[in-house]
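For reference, query.csv (CSV, C-alpha atoms):
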```csv
chain,number,residue,atom,x,y,z
A,278,MET,CA,1.0,-8.1,7.5
A,279,GLY,CA,4.4,-8.2,5.7
A,280,ILE,CA,5.9,-5.2,3.9
A,281,PHE,CA,5.0,-6.6,0.5
A,282,GLN,CA,1.5,-7.6,1.5
A,283,ARG,CA,0.8,-4.2,2.9
A,284,LEU,CA,1.7,-2.7,-0.5
A,285,CYS,CA,-0.1,-5.4,-2.5
A,286,CYS,CA,-2.7,-4.6,-5.2
A,287,SER,CA,-3.6,-5.7,-8.7
A,288,TRP,CA,-1.6,-3.9,-11.3
A,289,LYS,CA,-1.9,-3.8,-15.1
A,290,LEU,CA,0.3,-2.9,-18.0
A,291,LEU,CA,3.6,-1.4,-17.0
A,292,GLN,CA,4.5,2.1,-18.2
A,293,GLY,CA,6.7,3.8,-15.5
A,294,VAL,CA,8.3,7.1,-15.2
A,295,ARG,CA,11.7,6.5,-13.7
A,296,LEU,CA,13.3,9.6,-12.2
A,297,SER,CA,16.4,7.9,-10.9
A,298,SER,CA,18.2,4.6,-11.1
A,299,ARG,CA,18.0,2.1,-8.2
A,300,ASN,CA,21.7,2.7,-7.6
A,301,SER,CA,21.4,6.5,-7.4
A,302,TYR,CA,22.3,6.6,-3.8
A,303,SER,CA,24.3,4.6,-1.4
A,304,HIS,CA,22.9,1.7,0.6
A,305,ASN,CA,24.7,3.2,3.6
A,306,TYR,CA,22.1,5.0,5.6
A,307,SER,CA,24.4,6.2,8.4
A,308,SER,CA,23.7,9.8,9.5
A,309,PHE,CA,26.1,12.7,8.9
A,310,SER,CA,26.7,16.1,10.3
A,311,LYS,CA,26.1,19.4,8.5
A,312,SER,CA,27.7,22.6,9.9
A,313,VAL,CA,26.7,26.2,9.3
A,314,ASP,CA,29.1,29.2,9.2
A,315,PRO,CA,29.7,30.1,12.8
A,316,SER,CA,29.7,33.8,11.8
A,317,ASN,CA,26.0,33.4,11.2
A,318,PRO,CA,23.9,34.2,14.3
A,319,SER,CA,21.7,31.2,13.6
A,320,TYR,CA,24.8,28.9,13.6
A,321,SER,CA,24.0,25.3,14.5
A,322,THR,CA,25.2,21.8,13.8
A,323,SER,CA,22.5,19.6,12.2
A,324,PHE,CA,22.4,15.8,12.3
A,325,LEU,CA,21.1,14.6,9.0
A,326,THR,CA,19.8,11.1,8.3
A,327,HIS,CA,18.0,9.3,5.5
A,328,GLY,CA,14.3,8.6,5.2
A,329,ILE,CA,12.3,6.5,2.7
A,330,HIS,CA,8.7,7.2,1.8
A,331,VAL,CA,6.5,4.9,-0.3
A,332,PHE,CA,3.1,6.2,-1.5
A,333,GLU,CA,0.2,4.7,-3.3
A,334,CYS,CA,-3.0,6.6,-4.2
A,335,PRO,CA,-5.4,7.4,-7.1
A,336,ASP,CA,-3.5,9.4,-9.7
A,337,ALA,CA,-4.1,13.1,-9.8
A,338,VAL,CA,-2.4,16.3,-10.7
A,339,GLY,CA,0.0,17.7,-8.1
A,340,ILE,CA,0.8,14.6,-6.0
A,341,VAL,CA,4.5,14.6,-6.7
A,342,ALA,CA,4.6,18.3,-6.1
A,343,LYS,CA,2.9,17.9,-2.7
A,344,LEU,CA,5.2,15.2,-1.6
A,345,SER,CA,8.3,17.2,-2.7
A,346,ASP,CA,7.0,20.3,-0.9
A,347,CYS,CA,6.3,18.4,2.2
A,348,ILE,CA,9.9,17.2,2.4
A,349,ALA,CA,11.4,20.6,1.3
A,350,SER,CA,9.2,22.7,3.7
A,351,ARG,CA,10.7,20.7,6.6
A,352,GLY,CA,14.3,21.3,5.4
A,353,GLY,CA,14.6,17.9,3.8
A,354,ASN,CA,16.3,17.2,0.5
A,355,ILE,CA,15.3,14.5,-2.0
A,356,LEU,CA,18.2,12.3,-3.1
A,357,ALA,CA,16.2,9.9,-5.3
A,358,ALA,CA,12.7,9.7,-6.6
A,359,ASP,CA,10.7,7.1,-8.5
A,360,VAL,CA,7.2,7.4,-9.9
A,361,PHE,CA,5.1,4.7,-11.6
A,362,VAL,CA,1.6,5.0,-13.1
A,363,PRO,CA,0.2,1.9,-14.9
A,364,GLN,CA,-1.0,2.7,-18.4
A,365,ASN,CA,-4.5,1.5,-18.0
A,366,LYS,CA,-5.0,2.1,-14.3
A,367,PRO,CA,-5.1,5.7,-12.7
A,368,VAL,CA,-3.0,4.8,-9.7
A,369,LEU,CA,0.2,6.5,-8.7
A,370,TYR,CA,3.0,4.7,-6.9
A,371,SER,CA,6.1,6.6,-5.7
A,372,ARG,CA,9.2,6.1,-3.6
A,373,ASN,CA,11.3,9.0,-2.3
A,374,VAL,CA,14.7,8.8,-0.6
A,375,PHE,CA,15.6,12.0,1.3
A,376,VAL,CA,17.8,13.4,4.0
A,377,PHE,CA,16.5,15.5,6.9
A,378,ASP,CA,17.3,16.8,10.3
A,379,PRO,CA,15.3,14.8,12.9
A,380,VAL,CA,15.7,17.7,15.4
A,381,THR,CA,13.8,20.1,13.1
A,382,TRP,CA,11.5,17.4,11.6
A,383,PRO,CA,10.8,14.9,14.4
A,384,ARG,CA,9.6,11.4,13.4
A,385,MET,CA,6.1,12.0,14.9
A,386,GLN,CA,5.7,15.2,12.9
A,387,MET,CA,6.8,13.4,9.8
A,388,GLU,CA,4.1,10.9,10.3
A,389,GLU,CA,1.5,13.6,10.7
A,390,ASP,CA,2.7,15.5,7.6
A,391,PHE,CA,2.5,12.5,5.3
A,392,LEU,CA,-0.8,11.5,6.9
A,393,ARG,CA,-2.2,14.8,5.9
A,394,ILE,CA,-1.2,14.3,2.3
A,395,SER,CA,-2.6,10.7,2.4
A,396,LYS,CA,-6.0,12.1,3.4
A,397,THR,CA,-5.9,14.7,0.7
A,398,PHE,CA,-5.3,12.2,-2.0
A,399,ASN,CA,-7.2,9.2,-0.5
A,400,ALA,CA,-4.0,7.2,-0.3
A,401,VAL,CA,-4.2,3.4,-0.1
A,402,ARG,CA,-0.7,3.3,1.5
A,403,SER,CA,1.8,5.7,2.9
A,404,VAL,CA,4.9,3.9,4.4
A,405,ILE,CA,7.8,5.7,6.1
A,406,ARG,CA,11.1,4.2,7.0
A,407,VAL,CA,14.0,5.9,8.7
A,408,PRO,CA,16.7,3.2,8.9
A,409,ALA,CA,19.0,5.0,11.4
A,410,LEU,CA,16.1,5.6,13.8
A,411,ASP,CA,13.7,2.8,13.3
A,412,PRO,CA,14.3,-0.7,14.7
A,413,LYS,CA,16.0,-3.1,12.3
A,414,TYR,CA,13.8,-5.6,10.6
A,415,LYS,CA,13.8,-9.0,12.4
A,416,MET,CA,14.3,-12.0,10.2
A,417,ALA,CA,14.4,-15.7,10.9
A,418,ILE,CA,16.1,-18.3,8.6
A,419,LEU,CA,14.4,-21.5,7.9
A,420,ALA,CA,17.3,-23.5,6.6
A,421,SER,CA,17.3,-26.6,4.3
A,422,ASN,CA,20.1,-29.1,4.1
A,423,ARG,CA,22.2,-26.8,1.8
A,424,ASP,CA,24.4,-24.4,3.7
A,425,HIS,CA,25.8,-22.0,1.1
A,426,CYS,CA,23.0,-19.4,1.3
A,427,VAL,CA,22.7,-19.6,5.1
A,428,ILE,CA,26.4,-19.0,5.6
A,429,ASP,CA,26.4,-16.1,3.1
A,430,LEU,CA,23.4,-14.5,5.0
A,431,LEU,CA,25.1,-14.9,8.3
A,432,HIS,CA,28.3,-13.2,7.1
A,433,GLY,CA,26.2,-10.5,5.4
A,434,TRP,CA,24.5,-9.8,8.7
A,435,GLN,CA,27.7,-9.9,10.6
A,436,ASP,CA,29.6,-7.4,8.4
A,437,GLY,CA,26.6,-5.1,8.0
A,438,ARG,CA,25.7,-5.7,4.3
A,439,LEU,CA,22.2,-6.7,5.3
A,440,PRO,CA,20.2,-4.1,7.3
A,441,LEU,CA,18.5,-6.5,9.7
A,442,ASP,CA,18.7,-8.7,12.8
A,443,ILE,CA,18.6,-12.4,12.6
A,444,THR,CA,16.5,-13.8,15.5
A,445,CYS,CA,17.2,-17.5,15.0
A,446,VAL,CA,17.9,-20.3,12.5
A,447,ILE,CA,15.5,-23.2,12.3
A,448,SER,CA,16.4,-26.3,10.4
A,449,THR,CA,14.6,-29.5,9.5
A,450,HIS,CA,17.9,-31.1,8.7
A,451,TYR,CA,20.4,-32.2,11.4
A,452,ARG,CA,23.8,-30.4,11.6
A,453,GLY,CA,26.6,-31.6,13.7
A,454,PRO,CA,28.3,-29.4,16.3
A,455,GLU,CA,31.4,-28.9,14.2
A,456,SER,CA,29.5,-27.7,11.1
A,457,GLU,CA,30.3,-24.1,9.9
A,458,VAL,CA,26.8,-23.0,10.5
A,459,ILE,CA,26.6,-24.2,14.1
A,460,ARG,CA,30.0,-22.8,15.0
A,461,PHE,CA,29.1,-19.4,13.6
A,462,LEU,CA,25.8,-19.3,15.4
A,463,GLU,CA,27.4,-20.2,18.7
A,464,MET,CA,30.1,-17.6,18.3
A,465,HIS,CA,27.5,-14.9,17.7
A,466,GLY,CA,24.8,-16.0,20.1
A,467,VAL,CA,22.2,-16.7,17.5
A,468,PRO,CA,19.7,-19.5,18.6
A,469,TYR,CA,19.5,-22.6,16.5
A,470,TYR,CA,16.6,-25.1,16.5
A,471,TYR,CA,16.5,-28.4,14.8
A,472,LEU,CA,13.0,-29.7,14.2
A,473,ARG,CA,12.7,-33.1,12.6
A,474,THR,CA,9.7,-33.1,10.2
A,475,THR,CA,7.7,-35.8,8.4
A,476,ALA,CA,5.2,-35.7,5.6
A,477,GLU,CA,2.5,-36.0,8.3
A,478,ASN,CA,3.9,-33.5,10.7
A,479,LYS,CA,5.5,-30.3,9.4
A,480,ARG,CA,5.9,-28.9,12.9
A,481,GLU,CA,4.2,-25.7,11.8
A,482,GLU,CA,2.9,-24.7,15.2
A,483,GLU,CA,6.4,-25.0,16.8
A,484,ILE,CA,7.9,-23.0,13.9
A,485,LEU,CA,5.2,-20.3,14.3
A,486,GLU,CA,5.9,-20.0,18.0
A,487,LEU,CA,9.7,-19.5,17.3
A,488,VAL,CA,9.1,-16.8,14.6
A,489,GLN,CA,6.2,-14.9,16.2
A,490,ASN,CA,8.4,-11.8,16.8
A,491,THR,CA,9.9,-11.6,13.3
A,492,ASP,CA,9.0,-9.3,10.4
A,493,PHE,CA,9.7,-11.8,7.6
A,494,LEU,CA,11.2,-15.2,7.0
A,495,ILE,CA,13.9,-16.4,4.6
A,496,LEU,CA,14.5,-19.7,2.8
A,497,SER,CA,11.3,-21.4,3.7
A,498,SER,CA,10.0,-23.3,0.7
A,499,PHE,CA,6.7,-24.1,2.3
A,500,PHE,CA,3.8,-21.7,3.0
A,501,LEU,CA,3.0,-21.0,6.6
A,502,ARG,CA,-0.6,-19.9,6.3
A,503,SER,CA,-0.9,-18.7,9.9
A,504,TYR,CA,2.3,-16.6,9.8
A,505,GLY,CA,0.6,-13.7,8.0
A,506,LYS,CA,3.8,-12.0,6.9
A,507,ASP,CA,6.1,-12.3,4.0
A,508,ILE,CA,8.3,-15.3,3.3
A,509,ILE,CA,11.1,-15.1,0.8
A,510,ASN,CA,12.8,-18.1,-0.8
A,511,ILE,CA,15.6,-18.7,-3.3
A,512,HIS,CA,15.6,-21.2,-6.2
A,513,HIS,CA,18.7,-22.3,-8.0
A,514,GLY,CA,17.1,-22.0,-11.4
A,515,LEU,CA,15.4,-19.4,-13.6
A,516,LEU,CA,11.7,-19.7,-12.8
A,517,PRO,CA,9.2,-20.4,-14.2
A,518,SER,CA,11.5,-22.7,-16.1
A,519,PHE,CA,13.3,-25.6,-14.4
A,520,GLY,CA,11.2,-25.6,-11.2
A,521,GLY,CA,11.2,-28.4,-8.6
A,522,SER,CA,14.2,-30.5,-7.8
A,523,ASN,CA,17.5,-30.7,-9.8
A,524,PRO,CA,17.1,-27.5,-11.8
A,525,SER,CA,20.7,-27.6,-12.8
A,526,LYS,CA,20.3,-31.1,-14.3
A,527,GLN,CA,17.1,-29.9,-16.1
A,528,ALA,CA,19.0,-26.9,-17.5
A,529,LEU,CA,22.0,-29.0,-18.6
A,530,ASP,CA,19.7,-31.6,-20.4
A,531,ALA,CA,17.9,-28.7,-22.1
A,532,GLY,CA,21.1,-27.3,-23.5
A,533,VAL,CA,20.5,-23.8,-22.3
A,534,LYS,CA,23.1,-21.0,-22.7
A,535,LEU,CA,22.0,-19.1,-19.6
A,536,ILE,CA,21.5,-20.4,-16.1
A,537,GLY,CA,20.4,-18.5,-13.1
A,538,ALA,CA,18.8,-18.1,-9.7
A,539,THR,CA,15.4,-16.7,-8.7
A,540,SER,CA,14.4,-15.0,-5.4
A,541,HIS,CA,10.6,-15.0,-4.9
A,542,PHE,CA,7.9,-14.7,-2.4
A,543,VAL,CA,6.5,-17.9,-1.1
A,544,THR,CA,2.8,-18.6,-1.8
A,545,GLU,CA,0.6,-21.7,-1.6
A,546,GLY,CA,1.7,-22.7,-5.1
A,547,LEU,CA,5.1,-24.4,-5.4
A,548,GLU,CA,7.6,-21.8,-6.5
A,549,ALA,CA,4.7,-19.7,-8.0
A,550,GLY,CA,5.1,-16.6,-5.9
A,551,PRO,CA,5.9,-13.1,-7.3
A,552,ILE,CA,9.6,-12.9,-8.4
A,553,ILE,CA,11.7,-10.3,-6.6
A,554,GLU,CA,15.1,-10.8,-8.2
A,555,GLN,CA,16.8,-13.0,-10.9
A,556,MET,CA,20.5,-13.3,-11.8
A,557,VAL,CA,22.0,-15.1,-14.7
A,558,GLU,CA,25.4,-16.4,-16.0
A,559,THR,CA,26.4,-17.8,-19.4
A,560,VAL,CA,27.2,-21.5,-19.9
A,561,THR,CA,28.7,-23.3,-22.9
A,562,HIS,CA,29.0,-26.8,-24.2
A,563,ARG,CA,32.2,-27.1,-22.1
A,564,ASP,CA,30.2,-26.9,-18.8
A,565,ASN,CA,29.1,-30.0,-17.0
A,566,LEU,CA,26.7,-30.7,-14.2
A,567,GLN,CA,29.3,-29.8,-11.5
A,568,SER,CA,30.0,-26.4,-13.0
A,569,PHE,CA,26.3,-25.7,-13.5
A,570,VAL,CA,25.7,-26.4,-9.8
A,571,GLN,CA,28.7,-24.3,-8.7
A,572,LYS,CA,27.7,-21.3,-10.9
A,573,SER,CA,24.1,-21.6,-9.7
A,574,GLU,CA,25.0,-21.6,-6.0
A,575,ASN,CA,27.2,-18.5,-6.5
A,576,LEU,CA,24.2,-16.8,-8.2
A,577,GLU,CA,21.9,-17.9,-5.4
A,578,LYS,CA,23.9,-16.1,-2.8
A,579,GLN,CA,24.1,-12.8,-4.7
A,580,CYS,CA,20.4,-13.0,-5.8
A,581,LEU,CA,19.1,-13.6,-2.3
A,582,SER,CA,21.2,-10.9,-0.7
A,583,SER,CA,20.0,-8.4,-3.3
A,584,ALA,CA,16.4,-9.3,-2.8
A,585,ILE,CA,16.6,-8.9,0.9
A,586,ARG,CA,18.2,-5.5,0.6
A,587,SER,CA,15.6,-4.4,-1.8
A,588,TYR,CA,12.9,-5.6,0.5
A,589,CYS,CA,14.3,-3.9,3.6
A,590,GLU,CA,14.7,-0.6,1.6
A,591,LEU,CA,11.0,-0.7,0.5
A,592,ARG,CA,12.0,-1.1,-3.2
A,593,VAL,CA,9.7,-4.1,-3.8
A,594,LEU,CA,6.2,-3.2,-4.9
A,595,PRO,CA,3.5,-5.5,-6.4
A,596,TYR,CA,2.6,-5.4,-10.1
A,597,GLU,CA,-0.5,-7.2,-11.2
A,598,GLU,CA,-1.3,-10.5,-9.4
A,599,LYS,CA,1.9,-12.4,-9.7
A,600,LYS,CA,4.6,-9.8,-10.5
A,601,THR,CA,6.7,-7.2,-8.6
A,602,LEU,CA,8.1,-3.8,-9.5
A,603,VAL,CA,11.5,-3.2,-7.9
A,604,PHE,CA,12.6,0.4,-7.9
```
Could you quickly redo this structure as structure tokens?
Amino acid sequence: MGIFQRLCCSWKLLQGVRLSSRNSYSHNYSSFSKSVDPSNPSYSTSFLTHGIHVFECPDAVGIVAKLSDCIASRGGNILAADVFVPQNKPVLYSRNVFVFDPVTWPRMQMEEDFLRISKTFNAVRSVIRVPALDPKYKMAILASNRDHCVIDLLHGWQDGRLPLDITCVISTHYRGPESEVIRFLEMHGVPYYYLRTTAENKREEEILELVQNTDFLILSSFFLRSYGKDIINIHHGLLPSFGGSNPSKQALDAGVKLIGATSHFVTEGLEAGPIIEQMVETVTHRDNLQSFVQKSENLEKQCLSSAIRSYCELRVLPYEEKKTLVF
């Protein structure tokens, strides 16, 4: 099951308690050293790293205190905390970001400690992520005939902006050997597969074979029922308005003053999956179709990168049937 699907549930009216902003700590999860005064007999050098814990359970008194005490009792320190309880549903959702010393609090012990709390409060989910120690998420790109998002993802992966590994790029559209995408992939040793599809043959079995060792997929607009994990797509329009093809032309014809891009999960309904991220930019009567498209493409790249980072950092939680909560 994908990260989002493992956390999925039906949520109702939103009334959250936000204890910190989503930018309250750095996206850089690299570990750092903490030295103690050598004059102290217990002098030692600790190697601290970041951990993330997401929790879901029936609401009750003392849950946040227990989670905080669990981290503090092992020498950890919470850097950011979010708690959400729907108004009409007694379920608590929390996300904590903390630093800890993996020597004094080994990963296995951490699992046992949080498992104990899970059993105490009958938790539905308790997910731990230690980015510096755990394997990076593996992602495959299912590319269309438009290159701007693919190229931006590849550069984001190369320079470390995206905390993941790209296993391969699969395309249903032919790209020549001199195209920017092909040259980049060859330079960095990323496999590329061209699968020509038709209305009668979507090559689904071959795609599934190529992505079987991935954690999630990006840029696939069609639903792979047998994949069983999350698929994230980007649309160059503000959903649910201006869906389908030519959203920029639709927006221009409608005379809108804001255009945007939408990153969402892929479901069986066309562009009907829960929205993860949306970004907008103003337009005026001086804009034309070309400027609409250019602005939308720039927003697409930013919006998709932001959605992927949120997903990998366990920020994306479900809210009701077709919504998400992003801490």
Taking all atoms listed in the file into account, produce a table as a tab-separated table in which each residue of stretch 335-429 of chain A with an atom at most 12 Å from an atom of stretch 511-526 of chain A appears once, together with its shortest atom pair and the distance in Å to one decimal, ordered by chain and rising number.
```
residue	atom	partner	partner_atom	distance
A:Ile418	CA	A:Ile511	CA	11.9
A:Leu419	CA	A:Ile511	CA	11.6
A:Ala420	CA	A:Ile511	CA	11.1
A:Ser421	CA	A:Ile511	CA	11.1
A:Arg423	CA	A:His513	CA	11.3
A:His425	CA	A:His513	CA	11.5
A:Cys426	CA	A:Ile511	CA	8.7
A:Val427	CA	A:Ile511	CA	11.0
```
Using all atoms listed in the file: which of A:Ser568, A:Ser583, A:Asn422, A:Thr544 has the shortest distance to A:Ile447: A:Asn422
Using only the atoms of stretch 444-451 of chain A listed in the file, plus 3 Å on each side, state the axis-aligned box centre and edge lengths in Å rounded to one decimal, as AutoDock Vina command-line options.
```
--center_x 17.5 --center_y -23.0 --center_z 12.1 --size_x 11.8 --size_y 24.4 --size_z 12.8
```
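For A:Gly453, the non-local neighbours within 12 Å, defined as residues at least 5 positions apart in the same chain or in other chains and counting all atoms listed in the file, are A:Asn422, A:Ser448, A:Val458, A:Ile459, A:Arg460, A:Tyr469, A:Tyr471.
Nearest to A:Leu410 of all the residues A:Thr449, A:Thr397, A:Thr326, A:Thr381 is A:Thr326, based on only C-alpha atoms.
Among A:Ser582, A:Pro363, A:Glu590, A:Lys413, the residue with the shortest atom-to-atom distance to A:His330, counting only C-alpha atoms, is A:Glu590.
Surrounding residues of (5.9, 17.4, 4.9) at most 6 Å away are Cys347, Ile348, Asp390 and Phe391 of chain A (based on all atoms listed in the file).
In this structure, atom CA of A:Val560 sits 6.9 Å away from atom CA of A:Ile536.
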Atom completion result for stretch 463-484 of chain A (N, CA, C and O atoms) as an mmCIF file, in the frame of the given file:
```
data_model
loop_
_atom_site.group_PDB
_atom_site.id
_atom_site.type_symbol
_atom_site.label_atom_id
_atom_site.label_comp_id
_atom_site.auth_asym_id
_atom_site.auth_seq_id
_atom_site.Cartn_x
_atom_site.Cartn_y
_atom_site.Cartn_z
ATOM 1 N N GLU A 463 26.926 -20.218 17.332
ATOM 2 C CA GLU A 463 27.400 -20.200 18.700
ATOM 3 C C GLU A 463 28.276 -19.055 19.038
ATOM 4 O O GLU A 463 28.181 -18.437 20.098
ATOM 5 N N MET A 464 29.144 -18.725 18.087
ATOM 6 C CA MET A 464 30.100 -17.600 18.300
ATOM 7 C C MET A 464 29.357 -16.292 18.437
ATOM 8 O O MET A 464 29.772 -15.422 19.201
ATOM 9 N N HIS A 465 28.230 -16.136 17.720
ATOM 10 C CA HIS A 465 27.500 -14.900 17.700
ATOM 11 C C HIS A 465 26.227 -14.873 18.509
ATOM 12 O O HIS A 465 25.450 -13.913 18.463
ATOM 13 N N GLY A 466 25.981 -15.948 19.221
ATOM 14 C CA GLY A 466 24.800 -16.000 20.100
ATOM 15 C C GLY A 466 23.483 -16.032 19.433
ATOM 16 O O GLY A 466 22.493 -15.543 19.983
ATOM 17 N N VAL A 467 23.419 -16.619 18.241
ATOM 18 C CA VAL A 467 22.200 -16.700 17.500
ATOM 19 C C VAL A 467 21.541 -18.103 17.794
ATOM 20 O O VAL A 467 22.191 -19.125 17.555
ATOM 21 N N PRO A 468 20.322 -18.166 18.279
ATOM 22 C CA PRO A 468 19.700 -19.500 18.600
ATOM 23 C C PRO A 468 19.532 -20.337 17.356
ATOM 24 O O PRO A 468 19.226 -19.844 16.268
ATOM 25 N N TYR A 469 19.705 -21.649 17.562
ATOM 26 C CA TYR A 469 19.500 -22.600 16.500
ATOM 27 C C TYR A 469 18.566 -23.708 16.969
ATOM 28 O O TYR A 469 18.692 -24.214 18.086
ATOM 29 N N TYR A 470 17.592 -24.053 16.114
ATOM 30 C CA TYR A 470 16.600 -25.100 16.500
ATOM 31 C C TYR A 470 16.524 -26.107 15.367
ATOM 32 O O TYR A 470 16.330 -25.771 14.200
ATOM 33 N N TYR A 471 16.681 -27.338 15.786
ATOM 34 C CA TYR A 471 16.500 -28.400 14.800
ATOM 35 C C TYR A 471 15.163 -29.110 15.093
ATOM 36 O O TYR A 471 14.890 -29.604 16.187
ATOM 37 N N LEU A 472 14.307 -29.069 14.069
ATOM 38 C CA LEU A 472 13.000 -29.700 14.200
ATOM 39 C C LEU A 472 12.843 -30.739 13.087
ATOM 40 O O LEU A 472 12.751 -30.433 11.900
ATOM 41 N N ARG A 473 12.833 -31.952 13.514
ATOM 42 C CA ARG A 473 12.700 -33.100 12.600
ATOM 43 C C ARG A 473 11.245 -33.138 12.091
ATOM 44 O O ARG A 473 10.326 -33.202 12.898
ATOM 45 N N THR A 474 11.035 -33.099 10.793
ATOM 46 C CA THR A 474 9.700 -33.100 10.200
ATOM 47 C C THR A 474 9.429 -34.384 9.450
ATOM 48 O O THR A 474 10.355 -35.081 9.038
ATOM 49 N N THR A 475 8.153 -34.653 9.260
ATOM 50 C CA THR A 475 7.700 -35.800 8.400
ATOM 51 C C THR A 475 6.638 -35.259 7.479
ATOM 52 O O THR A 475 6.166 -34.126 7.614
ATOM 53 N N ALA A 476 6.247 -36.101 6.543
ATOM 54 C CA ALA A 476 5.200 -35.700 5.600
ATOM 55 C C ALA A 476 3.881 -35.455 6.371
ATOM 56 O O ALA A 476 3.056 -34.631 5.964
ATOM 57 N N GLU A 477 3.696 -36.149 7.475
ATOM 58 C CA GLU A 477 2.500 -36.000 8.300
ATOM 59 C C GLU A 477 2.556 -34.856 9.270
ATOM 60 O O GLU A 477 1.542 -34.313 9.695
ATOM 61 N N ASN A 478 3.751 -34.512 9.682
ATOM 62 C CA ASN A 478 3.900 -33.500 10.700
ATOM 63 C C ASN A 478 5.012 -32.503 10.290
ATOM 64 O O ASN A 478 6.199 -32.785 10.390
ATOM 65 N N LYS A 479 4.593 -31.326 9.836
ATOM 66 C CA LYS A 479 5.500 -30.300 9.400
ATOM 67 C C LYS A 479 6.021 -29.416 10.547
ATOM 68 O O LYS A 479 6.804 -28.494 10.309
ATOM 69 N N ARG A 480 5.562 -29.679 11.756
ATOM 70 C CA ARG A 480 5.900 -28.900 12.900
ATOM 71 C C ARG A 480 5.620 -27.425 12.821
ATOM 72 O O ARG A 480 6.319 -26.562 13.343
ATOM 73 N N GLU A 481 4.520 -27.129 12.111
ATOM 74 C CA GLU A 481 4.200 -25.700 11.800
ATOM 75 C C GLU A 481 3.914 -24.931 13.062
ATOM 76 O O GLU A 481 4.355 -23.771 13.168
ATOM 77 N N GLU A 482 3.205 -25.487 14.024
ATOM 78 C CA GLU A 482 2.900 -24.700 15.200
ATOM 79 C C GLU A 482 4.141 -24.352 16.002
ATOM 80 O O GLU A 482 4.254 -23.228 16.522
ATOM 81 N N GLU A 483 5.113 -25.270 16.045
ATOM 82 C CA GLU A 483 6.400 -25.000 16.800
ATOM 83 C C GLU A 483 7.164 -23.910 16.020
ATOM 84 O O GLU A 483 7.772 -23.030 16.636
ATOM 85 N N ILE A 484 7.176 -23.980 14.699
ATOM 86 C CA ILE A 484 7.900 -23.000 13.900
ATOM 87 C C ILE A 484 7.246 -21.605 14.112
ATOM 88 O O ILE A 484 7.931 -20.605 14.320
#
```
